[in-house]
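Everything below concerns the one structure shown next.
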Amino acid sequence: MSFNVSLYSIDAIVILDNQQNRIFTKYYKPPHETPENDLITNIKKQKQFEKDLFKKTLKQNTDIILFDNHTVVYKEYADTIVYVIGGLNESEVLLYNVLQGLTGAFEIILSSQLDKRSMLESYDMLVLAIDETVDDGIILETDASAIAARVTNPPTEDAVNIKIDLSEKGLLNAFNFAKKNISERLQQGF
Amino acid sequence: MTVYQECLQACNASPIQAKKCRKLLSRLLRLFYAGETFPTVESTNLFFSISKLFHNDDPSLRQIAYLAIKELCSMSNDILMITASIMKDIQNGDAVYKPDAVRTLSRVLDGSTIHAAERLFKNCIVDSNQSISSAALVSSYHLLPVAKDVVKRWTTEVQESITANKVFPTSPYTQHEFTGYNKTPNSTFIHQYHALSLIYQFRNNDKMSLIKMIQQLTERKTLTNSLAQIQMIRFVEKLILDDPNFVHSLWPLFVNWLNNKSDMVELEAAKLILNNTSKFNSEQQMHAITTLQSLLGVPRTVTRFAAVRVLNKVAIKDADKVGVCNLELERLISDQSRSISTYAITTLLKTGNIESVDRLVQAISNFMDEISDEFKIIVIDAIRTLSLKFPAKYKSMLTFLNDVLREEGGFNFKNSIVEAIFDIIKFIPESKEIALEMLCEFIEDCEYTELSVRILHLLGNEGPKTANPSTYVRYIYNRVVLENSIVRSSAVIALSKFALINDKDLNKSIKILLKRSLQDVDDEVRDRAVLSLKLLESKDLVEAKSYLLPQFKYSLPILEQELTKYVQNPDKSSFKSSFSIESIPKISEEEYMAVQYKEKLTGGIDDVIVDGSDDLNSKGNESNDDVKGLDKISDVTKYTLLQQQYQNELSALPEIGDYGTLLHSSAPVELTEKETEFVVTAIKHIFPKHVVVEFSIENTLDDIILENVNVVTQLDTEEYTEELTLPIELLNPHSKGKAYSSFTRPEDDDEKFMLTTMNNTLAYLTKDVDAEADEEGFPDEYQIEDLSLTPGDFVIPTYISNFTNVWDELSNEESAVYNLGDEESVDLQQVVTKLIVTMSMMPIEGTEVVTSGKNHSLKLFGKSIAGGRLAAVIKFAVSSKGVMMKNVVKGEEAELVELVANYLE
């Protein structure tokens, strides 16, 4: 058994709720290679994998499990479980650091306890946080506050679309605009 | 689909409403991450609509737009169109989304379009913003498979960034209300991890520059990121696997790693050392174990788990070393994580000594109720290994197994218990009666047909050998009355085996019982009863015995291979002759037992099995079984399979095909360094009248094609004469080929084991890759190392169970004494491993592992190609004068004995 020197160290990140519905699932593959593993492409296998994994981990109160040729570290919250999945020989602590960075960042950006509702409410920030942690299997960052600092808040307000200027000058402008347009039309048309 | 419509609408609206779009895109992403995919047309539409969002400058919208584009890249067409906008962003955009832009760019580009972005990538790699630099490095890494030569040109920039100081700026767009967390760090140095891994991809073939880099980086302690340190440890492992000599010079690094402030680094270093025990001396290994010992007590579950997992693995090979951790391990039995406690127990079961066994078994029986079936199986496996190790304790083991056998449990669990009992019966004869009794009771109400059948088979084999066979007949006959047809038919055969012993009364009653089965409703049961009765009617029972109790088994892996070969033979005419069972080697019962015993004792439970059993319920464990299967094949079988493969390969060559059976093949010998222009390894194949040398030649040059590659050989003896050579016609850059040379072997008896040295030169025509097709190459030569025919080439490693008896039987003895030099420079384990290979003999009684640093004796056994037995005992003693080695060889062929004893490198 020898170490994997490749940067591709995370196989998947999965977040499920307590009914085993998917909140977030992403099975990673290098972007410029064709996947060999069924788990990456076959959604049926993924669901089966998640189902079995869920059964094994729910209310077990351990942070790690070796499952179906994968090392899986996970964290359980009130109504959600976050899984980080790596190879069998991947360093357990490395995976756990990724998990900690990720969940730590969630806690910062969602600025509350982690539950399904807040996750779905701020889904944009959730997915951005995951994207800033792992990029197609490569670990980008494991420090929770650094991950959080890469995630943008949603825009505060949409700018009001149409400003109607009712001052005298505004009316005059509108009139001039209309005049110009109409005269152009007339010239073109006739 | 509504999300799709709304997305299109919002993206095409003008002006763009940032908040609304971001919300919509996050809904779109939610669909992706739930597993939805869009057809190509739709996703291409989406792709281009989203690209319109680039008109809006809100960074928070841009960031999520990049994420959406990244996800869409793999499903859409014409993604190249967006390159220009992305590149504009990278040049002038806000630092907040620049990293995302860089990462997206690497998805859009391919090998032909990467050139346009080269300067951009270089600039980003050296950027002082850590996120941008990291993103660029990771993107380059992604691009490696399609554009390695382009990425290679950025080496200078990448190298600079390892040592450069990068900062981690924050932006007003990413301010969150921190809930009690400390502030964002100035830099996490993660770019070092990315840069280092990328550099390694360029240099992994160049050992010298790699080692230089490692030394430079570690001397100045520039690597602050622990992920980067881990990566470094992994590189070092690769180096050491290639060349164990580095261990000595790199050891100071290990000391540093083993006392690192990051537990991740400590674990990784310890894993490296303990996974490659042959490369490190025992003091160094102890150092690693002490580190793990301290990690067993940390609060973090994952760290404890990782540490105990490594220790468990070490304990399989070398239980004594882990003994120091026993105290910590016992504390872990009550760990809240079941996986940890199971690992702790199984480790303890291996490290335990004969006094503590009873206590341990007691502790486990208290604990058995609380754990799941899978963990129980692991424990049972450990118990099985333990009972073979301490045969005297079989009583308490059997009581334990009997208790758990009565408990509720699934098939796999029961199966493992039955397996354990089987092994105890096989290898601890005194336990037989008690154990058989237990099994008899178990089948009285066993719900699993397969287990009943196996137990009945065992009863049939073992029952007649006991003092009171008739007791078992009742149990077996009960099965005939009560069970389904499969169990009935195996019970019939088991019964008939009892009739084979010399007991008239028993014989008669069994015939009566069998006659009743003639009326059975199932034809298989009737057939078997008829066959048994017919055989038992014969006078001397010789024939009956050969059918009912055969004395040998066929080697199953070879039988399987031969059958596949037979069935898949493209030449249809070969089916005219039926498959010949004669070609399959037979293994006598005794040999079979010996091999199995060895496997059971050493194999035990290893990591794979532990991991395999974790997912017994899941369906996707086929690959797991494969791994297990490979692991379980014994050395002997591996050797035979390899020989078969060689034989097949060679007989496919018409020139060599008629040389007859392959007697022995040597291990591959390296004739060049691994980094040279041409890498050559040789395998020596011995045939009855010939020696064939197989040269495997690899052309590692980028731009040279070789033609007509041949090995020119000069021999230093006249007894061998070159018969023919088979050159490689064409060897492209970075490809491998095989050339063969064959020599006739002296046939006289006294020259049978003639040694010789071959002086080899590689001769070939070189040609430039770009050269015209009709251009002639020019001839060249390349000196490679000499190849010797050693005594080991005439010896086939063979396993034997009773080494001491055979040792005393053999008559011709020869001995030799060597001084290996002073203690410091000699690693006994290395010497032992090398001896096993050069002498080509099988280590017996587990003596291939050096346990103490001072003295060791290695026992080896083999057979000569003529079939004569050969045994060797090699003793090592460390004294003030240096390490002394005494090699005593005994065997049936005096000449070979002399050669083997005196030929050592």
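Just so we're on the same page: first chain in the structure tokens is A, next is B, and so on; residues restart at 1 for each chain, and ligands are numbered from 1 in the order they show up.
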Among the residues of segment 635-677 of chain B, find those DSSP assigns to helix (DSSP H, G or I) from the backbone and print them as number ranges by chain.
B: 635-651, 654-657
Take the residues from that selection and write them out as a PDB file, in the first residue's frame, keeping N, CA and C atoms.
ATOM      1  N   ASP B 635       2.287 -17.517  -1.393  1.00  0.00           N
ATOM      2  CA  ASP B 635       3.498 -17.314  -2.186  1.00  0.00           C
ATOM      3  C   ASP B 635       3.678 -18.440  -3.198  1.00  0.00           C
ATOM      4  N   VAL B 636       3.393 -19.642  -2.736  1.00  0.00           N
ATOM      5  CA  VAL B 636       3.616 -20.791  -3.601  1.00  0.00           C
ATOM      6  C   VAL B 636       2.774 -20.676  -4.869  1.00  0.00           C
ATOM      7  N   THR B 637       1.500 -20.359  -4.660  1.00  0.00           N
ATOM      8  CA  THR B 637       0.610 -20.265  -5.808  1.00  0.00           C
ATOM      9  C   THR B 637       1.026 -19.130  -6.719  1.00  0.00           C
ATOM     10  N   LYS B 638       1.421 -18.002  -6.089  1.00  0.00           N
ATOM     11  CA  LYS B 638       1.846 -16.865  -6.887  1.00  0.00           C
ATOM     12  C   LYS B 638       2.997 -17.279  -7.785  1.00  0.00           C
ATOM     13  N   TYR B 639       3.935 -18.014  -7.206  1.00  0.00           N
ATOM     14  CA  TYR B 639       5.088 -18.447  -7.964  1.00  0.00           C
ATOM     15  C   TYR B 639       4.660 -19.330  -9.131  1.00  0.00           C
ATOM     16  N   THR B 640       3.773 -20.275  -8.842  1.00  0.00           N
ATOM     17  CA  THR B 640       3.342 -21.177  -9.906  1.00  0.00           C
ATOM     18  C   THR B 640       2.609 -20.443 -11.001  1.00  0.00           C
ATOM     19  N   LEU B 641       1.774 -19.480 -10.598  1.00  0.00           N
ATOM     20  CA  LEU B 641       1.020 -18.738 -11.598  1.00  0.00           C
ATOM     21  C   LEU B 641       1.951 -17.937 -12.493  1.00  0.00           C
ATOM     22  N   LEU B 642       2.979 -17.367 -11.883  1.00  0.00           N
ATOM     23  CA  LEU B 642       3.929 -16.572 -12.646  1.00  0.00           C
ATOM     24  C   LEU B 642       4.659 -17.461 -13.645  1.00  0.00           C
ATOM     25  N   GLN B 643       5.037 -18.652 -13.176  1.00  0.00           N
ATOM     26  CA  GLN B 643       5.715 -19.581 -14.057  1.00  0.00           C
ATOM     27  C   GLN B 643       4.833 -19.964 -15.238  1.00  0.00           C
ATOM     28  N   GLN B 644       3.544 -20.166 -14.934  1.00  0.00           N
ATOM     29  CA  GLN B 644       2.595 -20.503 -15.981  1.00  0.00           C
ATOM     30  C   GLN B 644       2.541 -19.418 -17.043  1.00  0.00           C
ATOM     31  N   GLN B 645       2.549 -18.180 -16.527  1.00  0.00           N
ATOM     32  CA  GLN B 645       2.446 -17.054 -17.435  1.00  0.00           C
ATOM     33  C   GLN B 645       3.671 -16.995 -18.341  1.00  0.00           C
ATOM     34  N   TYR B 646       4.841 -17.178 -17.740  1.00  0.00           N
ATOM     35  CA  TYR B 646       6.070 -17.184 -18.536  1.00  0.00           C
ATOM     36  C   TYR B 646       6.016 -18.280 -19.585  1.00  0.00           C
ATOM     37  N   GLN B 647       5.599 -19.461 -19.133  1.00  0.00           N
ATOM     38  CA  GLN B 647       5.543 -20.606 -20.038  1.00  0.00           C
ATOM     39  C   GLN B 647       4.648 -20.297 -21.232  1.00  0.00           C
ATOM     40  N   ASN B 648       3.506 -19.683 -20.945  1.00  0.00           N
ATOM     41  CA  ASN B 648       2.585 -19.333 -22.023  1.00  0.00           C
ATOM     42  C   ASN B 648       3.213 -18.359 -22.993  1.00  0.00           C
ATOM     43  N   GLU B 649       3.852 -17.317 -22.405  1.00  0.00           N
ATOM     44  CA  GLU B 649       4.462 -16.304 -23.244  1.00  0.00           C
ATOM     45  C   GLU B 649       5.534 -16.915 -24.138  1.00  0.00           C
ATOM     46  N   LEU B 650       6.344 -17.763 -23.535  1.00  0.00           N
ATOM     47  CA  LEU B 650       7.473 -18.306 -24.276  1.00  0.00           C
ATOM     48  C   LEU B 650       7.033 -19.309 -25.335  1.00  0.00           C
ATOM     49  N   SER B 651       6.041 -20.113 -24.968  1.00  0.00           N
ATOM     50  CA  SER B 651       5.652 -21.133 -25.932  1.00  0.00           C
ATOM     51  C   SER B 651       4.931 -20.517 -27.126  1.00  0.00           C
ATOM     52  N   PRO B 654       7.531 -19.142 -31.777  1.00  0.00           N
ATOM     53  CA  PRO B 654       7.763 -20.390 -32.491  1.00  0.00           C
ATOM     54  C   PRO B 654       9.192 -20.928 -32.291  1.00  0.00           C
ATOM     55  N   GLU B 655      10.163 -20.039 -32.177  1.00  0.00           N
ATOM     56  CA  GLU B 655      11.540 -20.509 -32.062  1.00  0.00           C
ATOM     57  C   GLU B 655      11.789 -21.197 -30.733  1.00  0.00           C
ATOM     58  N   ILE B 656      11.061 -20.753 -29.714  1.00  0.00           N
ATOM     59  CA  ILE B 656      11.339 -21.255 -28.376  1.00  0.00           C
ATOM     60  C   ILE B 656      10.314 -22.298 -27.961  1.00  0.00           C
ATOM     61  N   GLY B 657       9.174 -22.280 -28.657  1.00  0.00           N
ATOM     62  CA  GLY B 657       8.058 -23.141 -28.291  1.00  0.00           C
ATOM     63  C   GLY B 657       8.409 -24.605 -28.080  1.00  0.00           C
TER      64      GLY B 657
END
Pick out the residues sitting within 12 Å of Lys45 of chain A, and hand them over as a VMD selection string; count only C-alpha atoms, and ignore anything fewer than 4 positions along from it in its own chain.
(chain A and resid 27 37 to 41 49 to 53 68) or (chain B and resid 35 618 to 620)
Please run DSSP on the backbone and report, as a ChimeraX atom specification, all residues within segment 625-808 of chain B that come out as strand (DSSP E).
/B:664-665,669-670,678-686,690-699,704-715,721-726,728-731,735-744,756-768,778-783,787-789,795-797
Take the selection from the previous step and output its residues with C-alpha atoms, as a short mmCIF file (atom, residue, chain, number, x, y, z; two decimals), in the first residue's frame.
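For reference, result32.cif as written:
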data_model
loop_
_atom_site.label_atom_id
_atom_site.label_comp_id
_atom_site.auth_asym_id
_atom_site.auth_seq_id
_atom_site.Cartn_x
_atom_site.Cartn_y
_atom_site.Cartn_z
CA HIS B 664 12.45 -22.37 -13.59
CA SER B 665 12.41 -18.62 -14.16
CA VAL B 669 17.47 -8.63 -12.75
CA GLU B 670 18.18 -4.98 -13.49
CA PHE B 678 17.50 2.61 -21.98
CA VAL B 679 16.26 0.63 -19.04
CA VAL B 680 16.98 -3.07 -19.35
CA THR B 681 15.88 -5.91 -17.08
CA ALA B 682 16.49 -9.58 -17.69
CA ILE B 683 14.73 -12.77 -16.68
CA LYS B 684 16.52 -16.10 -16.99
CA HIS B 685 14.39 -19.05 -18.03
CA ILE B 686 15.85 -22.53 -17.62
CA HIS B 690 18.38 -24.52 -23.04
CA VAL B 691 18.67 -21.26 -21.19
CA VAL B 692 16.55 -18.42 -22.54
CA VAL B 693 17.23 -14.89 -21.41
CA GLU B 694 14.35 -12.50 -21.75
CA PHE B 695 15.52 -8.89 -22.00
CA SER B 696 12.85 -6.31 -21.36
CA ILE B 697 14.04 -3.04 -22.83
CA GLU B 698 12.47 0.36 -22.34
CA ASN B 699 13.33 3.37 -24.47
CA ILE B 704 14.74 8.61 -30.78
CA ILE B 705 13.27 5.54 -32.40
CA LEU B 706 15.23 2.31 -32.10
CA GLU B 707 15.17 -0.41 -34.70
CA ASN B 708 16.37 -3.96 -34.66
CA VAL B 709 17.28 -3.89 -30.99
CA ASN B 710 19.41 -6.84 -30.06
CA VAL B 711 21.50 -7.91 -27.11
CA VAL B 712 24.97 -9.11 -28.07
CA THR B 713 26.22 -11.55 -25.52
CA GLN B 714 29.67 -12.95 -24.85
CA LEU B 715 30.02 -15.86 -22.49
CA THR B 721 26.64 -21.84 -26.86
CA GLU B 722 24.41 -19.20 -28.27
CA GLU B 723 21.68 -20.69 -30.39
CA LEU B 724 19.56 -17.79 -31.55
CA THR B 725 18.48 -14.28 -30.74
CA LEU B 726 15.13 -12.63 -31.31
CA ILE B 728 12.90 -6.16 -31.19
CA GLU B 729 12.06 -4.75 -34.58
CA LEU B 730 10.93 -1.32 -33.51
CA LEU B 731 11.04 0.52 -30.22
CA SER B 735 7.76 2.16 -25.07
CA LYS B 736 8.86 -1.26 -23.94
CA GLY B 737 9.79 -4.37 -25.84
CA LYS B 738 11.16 -7.83 -25.25
CA ALA B 739 14.18 -9.40 -26.90
CA TYR B 740 15.21 -12.99 -26.35
CA SER B 741 18.51 -14.84 -26.54
CA SER B 742 18.74 -18.56 -26.21
CA PHE B 743 21.69 -20.78 -25.33
CA THR B 744 22.11 -24.52 -25.21
CA THR B 756 28.60 -18.54 -16.33
CA THR B 757 28.71 -14.79 -16.78
CA MET B 758 27.31 -13.07 -19.83
CA ASN B 759 28.86 -9.88 -21.04
CA ASN B 760 26.06 -7.91 -22.67
CA THR B 761 25.90 -5.05 -25.12
CA LEU B 762 22.79 -3.51 -26.55
CA ALA B 763 23.06 -3.09 -30.34
CA TYR B 764 20.53 -1.17 -32.39
CA LEU B 765 19.87 1.32 -35.18
CA THR B 766 18.90 4.79 -33.99
CA LYS B 767 16.63 7.11 -35.86
CA ASP B 768 15.24 10.54 -35.16
CA PHE B 778 22.78 4.53 -37.94
CA PRO B 779 24.03 1.62 -35.85
CA ASP B 780 24.99 2.23 -32.25
CA GLU B 781 25.83 0.27 -29.14
CA TYR B 782 25.10 0.68 -25.48
CA GLN B 783 26.97 -1.10 -22.73
CA LEU B 787 24.32 -11.03 -16.24
CA SER B 788 25.39 -14.07 -14.27
CA LEU B 789 23.86 -17.48 -14.21
CA VAL B 795 16.62 -23.81 -7.52
CA ILE B 796 12.85 -23.60 -7.24
CA PRO B 797 11.52 -22.17 -3.99
#
Would you list the contacts of Val82 of chain A as JSON, numbers by chain, taking every protein, DNA or RNA residue within 12 Å and counting only C-alpha atoms, but skipping same-chain residues closer than 5 positions in sequence?
{"A": [12, 13, 14, 15, 16, 17, 18, 20, 22, 23, 24, 25, 26, 50, 53, 54, 57, 58, 63, 64, 72, 73, 74, 75, 76, 77, 96, 98, 99, 100, 101, 102, 103, 104, 106, 114, 115, 116, 119, 126, 130]}
Saved selection, atoms kept: N, CA and C atoms, as a tab-separated table (two decimals), in the first residue's frame:
chain	number	residue	atom	x	y	z
A	12	ALA	N	-15.71	12.63	-2.99
A	12	ALA	CA	-17.05	13.20	-3.05
A	12	ALA	C	-17.35	13.98	-1.79
A	13	ILE	N	-18.27	14.93	-1.93
A	13	ILE	CA	-18.83	15.60	-0.76
A	13	ILE	C	-20.34	15.45	-0.85
A	14	VAL	N	-20.92	15.00	0.24
A	14	VAL	CA	-22.36	14.71	0.23
A	14	VAL	C	-22.98	15.33	1.48
A	15	ILE	N	-24.08	16.02	1.29
A	15	ILE	CA	-24.85	16.50	2.44
A	15	ILE	C	-26.27	15.94	2.31
A	16	LEU	N	-26.69	15.22	3.32
A	16	LEU	CA	-28.04	14.63	3.29
A	16	LEU	C	-28.83	15.16	4.48
A	17	ASP	N	-30.16	15.15	4.33
A	17	ASP	CA	-30.95	15.50	5.50
A	17	ASP	C	-31.33	14.22	6.24
A	18	ASN	N	-32.10	14.36	7.31
A	18	ASN	CA	-32.34	13.16	8.13
A	18	ASN	C	-33.34	12.20	7.50
A	20	GLN	N	-32.69	11.30	4.47
A	20	GLN	CA	-31.78	10.78	3.46
A	20	GLN	C	-32.04	11.39	2.08
A	22	ARG	N	-31.15	14.26	-0.73
A	22	ARG	CA	-29.93	14.98	-1.04
A	22	ARG	C	-30.11	16.48	-0.83
A	23	ILE	N	-29.22	17.08	-0.09
A	23	ILE	CA	-29.17	18.54	-0.05
A	23	ILE	C	-28.08	18.98	-1.01
A	24	PHE	N	-26.95	18.31	-0.92
A	24	PHE	CA	-25.85	18.58	-1.85
A	24	PHE	C	-25.10	17.28	-2.08
A	25	THR	N	-24.83	16.95	-3.36
A	25	THR	CA	-23.97	15.81	-3.63
A	25	THR	C	-23.09	16.16	-4.81
A	26	LYS	N	-21.84	15.86	-4.67
A	26	LYS	CA	-20.96	16.07	-5.81
A	26	LYS	C	-19.87	14.99	-5.75
A	50	GLU	N	-25.22	6.10	-1.06
A	50	GLU	CA	-25.65	7.03	-0.02
A	50	GLU	C	-26.60	6.36	0.96
A	53	LEU	N	-24.60	4.08	3.18
A	53	LEU	CA	-23.75	4.90	4.05
A	53	LEU	C	-24.59	5.54	5.14
A	54	PHE	N	-25.75	6.06	4.73
A	54	PHE	CA	-26.63	6.73	5.67
A	54	PHE	C	-27.04	5.78	6.78
A	57	THR	N	-24.27	5.29	9.28
A	57	THR	CA	-23.72	6.39	10.05
A	57	THR	C	-24.73	7.10	10.93
A	58	LEU	N	-26.01	6.94	10.66
A	58	LEU	CA	-27.01	7.70	11.40
A	58	LEU	C	-26.95	7.36	12.88
A	63	ASP	N	-16.91	9.65	14.15
A	63	ASP	CA	-16.65	10.64	13.12
A	63	ASP	C	-16.15	10.00	11.84
A	64	ILE	N	-15.84	8.73	11.87
A	64	ILE	CA	-15.17	8.14	10.71
A	64	ILE	C	-15.64	6.72	10.50
A	72	VAL	N	-14.60	7.50	4.94
A	72	VAL	CA	-15.63	8.52	5.01
A	72	VAL	C	-15.56	9.20	6.38
A	73	VAL	N	-15.42	10.53	6.39
A	73	VAL	CA	-15.54	11.25	7.65
A	73	VAL	C	-16.82	12.06	7.57
A	74	TYR	N	-17.47	12.24	8.71
A	74	TYR	CA	-18.75	12.93	8.64
A	74	TYR	C	-19.06	13.63	9.94
A	75	LYS	N	-19.99	14.53	9.86
A	75	LYS	CA	-20.41	15.29	11.02
A	75	LYS	C	-21.93	15.33	10.98
A	76	GLU	N	-22.54	15.03	12.11
A	76	GLU	CA	-23.98	14.94	12.15
A	76	GLU	C	-24.55	16.16	12.87
A	77	TYR	N	-25.54	16.80	12.26
A	77	TYR	CA	-26.22	17.92	12.91
A	77	TYR	C	-27.66	17.51	13.18
A	96	TYR	N	-10.53	14.72	7.54
A	96	TYR	CA	-11.24	15.33	8.64
A	96	TYR	C	-10.99	16.83	8.68
A	98	VAL	N	-10.52	18.70	6.12
A	98	VAL	CA	-11.38	19.27	5.10
A	98	VAL	C	-12.80	19.43	5.65
A	99	LEU	N	-13.27	18.38	6.31
A	99	LEU	CA	-14.61	18.43	6.88
A	99	LEU	C	-14.74	19.56	7.89
A	100	GLN	N	-13.73	19.69	8.73
A	100	GLN	CA	-13.79	20.74	9.74
A	100	GLN	C	-13.76	22.11	9.12
A	101	GLY	N	-12.92	22.28	8.10
A	101	GLY	CA	-12.86	23.56	7.42
A	101	GLY	C	-14.20	23.90	6.82
A	102	LEU	N	-14.79	22.90	6.21
A	102	LEU	CA	-16.06	23.11	5.52
A	102	LEU	C	-17.18	23.45	6.51
A	103	THR	N	-17.32	22.63	7.54
A	103	THR	CA	-18.42	22.87	8.47
A	103	THR	C	-18.17	24.15	9.26
A	104	GLY	N	-16.90	24.43	9.54
A	104	GLY	CA	-16.57	25.68	10.23
A	104	GLY	C	-17.00	26.86	9.38
A	106	PHE	N	-19.31	26.88	7.09
A	106	PHE	CA	-20.78	26.93	7.09
A	106	PHE	C	-21.27	27.72	8.30
A	114	LEU	N	-26.30	24.89	12.24
A	114	LEU	CA	-26.49	24.31	10.92
A	114	LEU	C	-27.73	23.45	10.91
A	115	ASP	N	-28.75	23.85	10.22
A	115	ASP	CA	-29.87	22.96	10.01
A	115	ASP	C	-30.29	23.05	8.56
A	116	LYS	N	-31.20	22.20	8.19
A	116	LYS	CA	-31.59	22.09	6.80
A	116	LYS	C	-32.16	23.41	6.28
A	119	MET	N	-29.54	26.02	5.60
A	119	MET	CA	-28.73	25.59	4.46
A	119	MET	C	-29.44	25.89	3.15
A	126	LEU	N	-23.72	28.33	0.52
A	126	LEU	CA	-23.32	26.96	0.83
A	126	LEU	C	-22.50	26.37	-0.32
A	130	ILE	N	-18.43	25.31	-0.57
A	130	ILE	CA	-17.92	24.00	-0.96
A	130	ILE	C	-16.97	24.15	-2.14
I'd like the contact shell of Tyr123 of chain A - 8 Å cut-off, only C-alpha atoms, skipping same-chain residues fewer than 5 positions apart - returned as a JSON list (two decimals) with C-alpha atoms, in the first residue's frame.
[["chain", "number", "residue", "atom", "x", "y", "z"],
["B", 26, "SER", "CA", -28.57, 28.96, -6.73],
["B", 27, "ARG", "CA", -31.82, 27.16, -7.52],
["B", 30, "ARG", "CA", -29.42, 22.94, -6.42]]
